[in-house]
$ cat input10.csv   # CSV, C-alpha atoms
chain,number,residue,atom,x,y,z
A,1,MET,CA,100.5,71.6,122.3
A,2,GLY,CA,103.4,70.5,124.6
A,3,SER,CA,104.8,74.0,124.6
A,4,SER,CA,101.4,75.5,125.7
A,5,THR,CA,101.0,72.8,128.4
A,6,GLY,CA,104.5,73.6,129.7
A,7,LYS,CA,103.8,77.3,129.9
A,8,LEU,CA,100.5,76.7,131.7
A,9,THR,CA,102.2,74.5,134.2
A,10,THR,CA,104.9,77.1,134.8
A,11,LYS,CA,102.3,79.7,135.5
A,12,ALA,CA,100.4,77.4,137.8
A,13,ILE,CA,103.6,76.8,139.8
A,14,ALA,CA,104.2,80.5,140.0
A,15,VAL,CA,100.8,81.1,141.4
A,16,ILE,CA,101.2,78.4,144.0
A,17,VAL,CA,104.6,79.8,145.0
A,18,ILE,CA,103.1,83.3,145.4
A,19,VAL,CA,100.2,82.0,147.5
A,20,ALA,CA,102.7,80.0,149.7
A,21,MET,CA,104.8,83.2,150.2
A,22,LEU,CA,101.7,85.2,151.2
A,23,ASP,CA,100.7,82.4,153.6
A,24,ALA,CA,104.1,82.4,155.1
A,25,VAL,CA,103.9,86.2,155.7
A,26,GLY,CA,100.7,85.5,157.7
A,27,LEU,CA,98.1,87.1,155.4
A,28,SER,CA,94.5,86.0,155.8
A,29,PRO,CA,93.0,83.7,153.2
A,30,VAL,CA,90.6,86.4,152.0
A,31,ILE,CA,93.4,88.8,151.2
A,32,MET,CA,95.3,86.0,149.5
A,33,VAL,CA,92.3,85.3,147.3
A,34,LEU,CA,91.9,89.0,146.5
A,35,ILE,CA,95.5,89.4,145.5
A,36,THR,CA,95.4,86.2,143.5
A,37,GLY,CA,92.3,87.4,141.7
A,38,VAL,CA,93.9,90.8,140.9
A,39,VAL,CA,96.9,89.1,139.5
A,40,PHE,CA,94.8,86.8,137.4
A,41,VAL,CA,92.7,89.7,136.0
A,42,VAL,CA,95.8,91.7,135.1
A,43,TRP,CA,97.2,88.6,133.4
A,44,LEU,CA,94.0,88.2,131.4
A,45,CYS,CA,94.0,91.9,130.3
A,46,ALA,CA,97.7,91.6,129.2
A,47,ARG,CA,96.9,88.5,127.2
A,48,ARG,CA,93.9,90.2,125.6
A,49,ALA,CA,96.0,93.3,124.7
A,50,GLN,CA,98.7,91.2,123.2
A,51,ALA,CA,96.1,89.2,121.1
A,52,ARG,CA,94.6,92.5,119.9
A,53,GLU,CA,97.9,93.7,118.7
A,54,VAL,CA,98.2,90.6,116.5
A,55,GLU,CA,94.6,91.0,115.3
A,56,ARG,CA,95.4,94.4,114.1
A,57,ILE,CA,97.8,92.9,111.6
A,58,PHE,CA,95.0,90.8,110.1
A,59,ASP,CA,92.7,93.8,110.0
A,60,PHE,CA,95.5,95.6,108.0
A,61,TYR,CA,95.6,92.7,105.5
A,62,ILE,CA,91.9,92.8,104.9
A,63,ALA,CA,91.9,96.6,104.3
A,64,ALA,CA,95.0,96.5,102.1
A,65,ASP,CA,93.7,93.5,100.0
A,66,ALA,CA,90.5,95.4,99.3
A,67,ILE,CA,92.5,98.3,97.9
A,68,LEU,CA,95.0,96.3,95.9
A,69,ARG,CA,92.5,93.7,94.5
A,70,GLU,CA,89.7,96.1,93.5
A,71,GLU,CA,91.5,98.2,90.9
A,72,GLU,CA,88.3,99.3,89.3
A,73,ARG,CA,87.1,101.1,92.4
A,74,ARG,CA,88.4,104.7,92.7
A,75,TRP,CA,90.0,104.8,96.1
A,76,TYR,CA,90.7,108.2,97.6
A,77,GLY,CA,94.3,109.0,98.5
A,78,PHE,CA,93.6,109.6,102.1
A,79,GLU,CA,92.0,106.1,102.4
A,80,ILE,CA,95.1,104.5,101.1
A,81,THR,CA,97.3,106.7,103.3
A,82,GLU,CA,95.3,105.7,106.4
A,83,VAL,CA,95.8,102.0,105.6
A,84,ILE,CA,99.5,102.6,105.1
A,85,GLU,CA,99.8,104.4,108.5
A,86,HIS,CA,98.0,101.5,110.1
A,87,GLY,CA,100.4,99.0,108.6
A,88,GLU,CA,103.5,101.0,109.4
A,89,SER,CA,102.4,101.5,113.0
A,90,LEU,CA,102.5,97.7,113.4
A,91,LEU,CA,106.2,97.7,112.4
A,92,ASP,CA,106.9,99.5,115.7
A,93,ILE,CA,105.0,97.0,117.7
A,94,MET,CA,106.6,93.9,116.2
A,95,PRO,CA,110.4,93.8,115.9
A,96,ASP,CA,110.4,91.1,113.3
A,97,PRO,CA,107.2,91.7,111.2
A,98,PRO,CA,106.2,89.0,108.7
A,99,PRO,CA,107.4,89.4,105.2
A,100,LEU,CA,103.9,89.7,103.9
A,101,SER,CA,103.5,93.0,105.7
A,102,TYR,CA,106.5,94.4,103.8
A,103,TYR,CA,105.1,93.4,100.5
A,104,THR,CA,101.7,94.8,101.3
A,105,LEU,CA,103.1,98.2,102.4
A,106,GLY,CA,105.3,98.3,99.3
A,107,ALA,CA,102.3,97.6,97.0
A,108,LEU,CA,100.2,100.3,98.7
A,109,HIS,CA,103.0,102.9,98.4
A,110,HIS,CA,103.3,102.0,94.7
A,111,ARG,CA,99.5,102.6,94.3
A,112,LEU,CA,100.0,106.1,95.7
A,113,GLY,CA,103.1,106.8,93.6
A,114,ASN,CA,105.6,106.7,96.5
A,115,TYR,CA,108.2,104.8,94.5
A,116,GLN,CA,111.1,105.3,96.9
A,117,ALA,CA,109.2,103.8,99.8
A,118,THR,CA,108.1,101.0,97.4
A,119,VAL,CA,111.7,100.1,96.7
A,120,GLU,CA,112.6,100.2,100.4
A,121,TYR,CA,109.9,97.7,101.4
A,122,LEU,CA,110.1,95.3,98.4
A,123,SER,CA,113.9,95.1,98.5
A,124,ARG,CA,113.8,93.8,102.1
A,125,ILE,CA,111.8,90.7,101.1
A,126,LEU,CA,113.5,90.1,97.8
A,127,GLU,CA,117.2,90.9,98.5
A,128,ASP,CA,117.5,90.3,102.3
A,129,GLU,CA,117.6,86.5,102.9
A,130,LEU,CA,117.2,87.1,106.6
A,131,CYS,CA,113.8,88.4,106.0
A,132,TYR,CA,112.5,85.1,104.6
A,133,GLU,CA,110.2,83.0,106.7
A,134,THR,CA,112.7,80.1,106.7
A,135,TYR,CA,115.3,82.1,108.5
A,136,ARG,CA,113.1,83.3,111.3
A,137,THR,CA,114.4,80.8,113.9
A,138,SER,CA,114.3,83.1,116.9
A,139,PRO,CA,110.9,84.8,116.8
A,140,SER,CA,109.8,87.6,119.1
A,141,PRO,CA,106.8,86.9,121.3
A,142,GLN,CA,104.7,89.0,118.9
A,143,LEU,CA,105.7,87.0,115.9
A,144,ARG,CA,105.1,83.7,117.7
A,145,ARG,CA,101.5,84.9,118.6
A,146,TYR,CA,101.0,86.0,115.0
A,147,VAL,CA,102.0,82.6,113.6
A,148,THR,CA,99.8,80.8,116.2
A,149,MET,CA,96.8,82.8,115.1
A,150,LEU,CA,97.7,82.4,111.4
A,151,ARG,CA,97.8,78.6,111.8
A,152,ARG,CA,94.6,78.6,113.7
A,153,ILE,CA,92.9,80.5,110.9
A,154,GLU,CA,94.3,78.2,108.3
A,155,TYR,CA,93.2,75.0,110.2
A,156,GLN,CA,89.8,76.5,110.9
A,157,PRO,CA,88.9,78.7,107.9
A,158,SER,CA,85.3,78.9,108.9
A,159,ASN,CA,86.2,81.1,111.9
A,160,ALA,CA,87.7,83.9,109.8
A,161,PRO,CA,87.0,83.3,106.1
A,162,GLN,CA,87.5,87.0,105.1
A,163,THR,CA,90.9,87.1,106.9
A,164,LEU,CA,92.0,83.9,105.2
A,165,ALA,CA,90.9,85.1,101.8
A,166,ALA,CA,92.8,88.3,102.2
A,167,ILE,CA,96.0,86.6,103.3
A,168,ARG,CA,95.9,84.1,100.4
A,169,SER,CA,95.2,86.9,97.9
A,170,LEU,CA,98.1,88.9,99.2
A,171,GLU,CA,100.4,85.9,99.2
A,172,ARG,CA,99.6,85.1,95.6
A,173,ALA,CA,100.2,88.7,94.6
A,174,ARG,CA,103.5,88.6,96.4
A,175,GLN,CA,104.7,85.5,94.6
A,176,ARG,CA,103.5,86.8,91.3
A,177,ASN,CA,104.2,90.5,91.3
A,178,ALA,CA,106.9,91.4,93.9
A,179,SER,CA,110.0,91.0,91.6
A,180,LYS,CA,108.3,92.7,88.6
A,181,LEU,CA,107.0,95.5,90.8
A,182,LEU,CA,110.4,96.2,92.3
A,183,LEU,CA,112.1,96.2,88.8
A,184,GLU,CA,109.4,98.5,87.3
A,185,THR,CA,109.6,100.9,90.2
A,186,ARG,CA,113.4,101.2,90.0
A,187,GLU,CA,113.1,101.9,86.3
A,188,LEU,CA,110.6,104.6,87.0
A,189,LEU,CA,112.9,106.2,89.6
A,190,GLU,CA,115.8,106.1,87.2
A,191,THR,CA,113.8,107.6,84.3
A,192,LYS,CA,112.6,110.3,86.7
A,193,LYS,CA,116.1,111.0,87.8
A,194,THR,CA,117.4,111.2,84.2
A,195,ALA,CA,114.6,113.6,83.2
A,196,GLN,CA,115.3,115.8,86.2
A,197,GLN,CA,119.0,116.0,85.4
A,198,ALA,CA,118.2,116.9,81.8
A,199,THR,CA,115.9,119.7,83.0
A,200,GLU,CA,118.6,121.1,85.3
A,201,THR,CA,121.1,121.0,82.4
A,202,THR,CA,118.7,123.0,80.2
A,203,ASP,CA,118.2,125.6,82.8
A,204,VAL,CA,121.9,126.1,83.3
A,205,ARG,CA,122.4,126.6,79.5
A,206,GLU,CA,119.6,129.1,79.4
A,207,GLU,CA,121.2,131.1,82.2
A,208,MET,CA,124.6,131.1,80.5
A,209,SER,CA,123.1,132.4,77.2
A,210,PHE,CA,122.4,135.8,78.8
A,211,ALA,CA,125.2,138.3,79.1
A,212,PRO,CA,126.0,139.5,82.5
A,213,SER,CA,124.5,143.0,83.2
A,214,LEU,CA,126.8,145.9,83.8
A,215,PRO,CA,127.0,147.6,87.2
A,216,LEU,CA,124.9,150.8,87.5
A,217,GLY,CA,128.0,152.9,87.9
A,218,ALA,CA,129.3,151.9,84.5
A,219,ILE,CA,126.2,152.9,82.7
A,220,SER,CA,126.3,156.5,81.3
A,221,ALA,CA,123.2,158.6,80.7
A,222,PRO,CA,122.3,159.4,77.0
A,223,PRO,CA,123.0,163.0,75.8
A,224,PRO,CA,120.2,165.6,76.0
A,225,ILE,CA,117.9,165.9,72.9
A,226,THR,CA,119.0,169.6,72.3
A,227,LYS,CA,122.7,168.5,71.8
A,228,VAL,CA,121.6,165.7,69.4
A,229,LEU,CA,119.5,168.1,67.3
A,230,HIS,CA,122.3,170.6,67.3
A,231,ASP,CA,124.8,168.0,66.0
A,232,VAL,CA,122.4,166.9,63.3
A,233,TYR,CA,121.8,170.5,62.2
A,234,GLN,CA,125.5,171.1,61.9
A,235,ASP,CA,126.0,167.9,59.9
A,236,GLU,CA,123.3,169.0,57.5
A,237,THR,CA,124.8,172.6,57.1
A,238,ARG,CA,128.2,171.2,56.3
A,239,ALA,CA,126.7,168.8,53.8
A,240,SER,CA,124.9,171.7,52.0
A,241,ASN,CA,128.1,173.8,51.8

$ encode --input "input10.csv" --output "structure tokens"
Amino acid sequence: MGSSTGKLTTKAIAVIVIVAMLDAVGLSPVIMVLITGVVFVVWLCARRAQAREVERIFDFYIAADAILREEERRWYGFEITEVIEHGESLLDIMPDPPPLSYYTLGALHHRLGNYQATVEYLSRILEDELCYETYRTSPSPQLRRYVTMLRRIEYQPSNAPQTLAAIRSLERARQRNASKLLLETRELLETKKTAQQATETTDVREEMSFAPSLPLGAISAPPPITKVLHDVYQDETRASN
């Protein structure tokens, strides 16, 4: 609360300074009011756009939780792909995305069979200590807005019950399944790699079992049939004599 009050005071002082500068220039009060109004509208639009960016993260959680939780429903591949693209686009907006987003993306990629991407996302939250929530001591403005909205949802669950339910479901899945999912995925990749190497070895052996073909110049044409019959006839005549 103190931080919010301090920021509001700073902005109010900035507005007063701007108005004073415009008055010193000699602008009429009407023009000063118009300029102040335009600045205020631009500020409101910017705040709304920033808030919407954070809201998109919670929309991603709701869509991803529906896919990961309802295993009996047959989701189409393009549906899962669209949710993944939505989540990955948020990584470009936020330089320090929350760890829950990494787990969610890893679990969705695993659902599609993209095991390499699964390992990349899950290894970040399990093997990189700097990715833990505790070590996020210098947050970006986007992460700070995200945490502010998250705490607001937690303190007032009636305002966004579906969002809160999705977050809690994903957090439970992260605590329960993240390590096991990473281990299983690495084993699958290793098994796939071993099978591929065995297949390549078999192909090489089959290629080596065939003798190399002779060049066309070294291949002689067979003798004509008349010469063959003549030789056979002479052999039979000699045998009868």

$ atom_distance --input "input10.csv" --atom1 "atom CA of A:Phe78" --atom2 "atom CA of A:Thr191"
27.0 Å

$ atom_distance --input "input10.csv" --atom1 "atom CA of A:Pro157" --atom2 "atom CA of A:Phe60"
18.1 Å

$ residues_around --input "input10.csv" --residues "stretch 68-70 of chain A" --least-positions-apart "4" --cutoff "8 Å" --atoms "only C-alpha atoms" --output "MDAnalysis selection string"
chainID A and resid 64 107:108 111

$ residues_around --input "input10.csv" --residues "A:Ala178" --least-positions-apart "2" --cutoff "12 Å" --atoms "all atoms listed in the file" --output "number ranges by chain"
A: 99-100, 102-107, 110, 118-119, 121-127, 170-176, 180-185

$ atom_distance --input "input10.csv" --atom1 "atom CA of A:Ser101" --atom2 "atom CA of A:Leu150"
13.4 Å
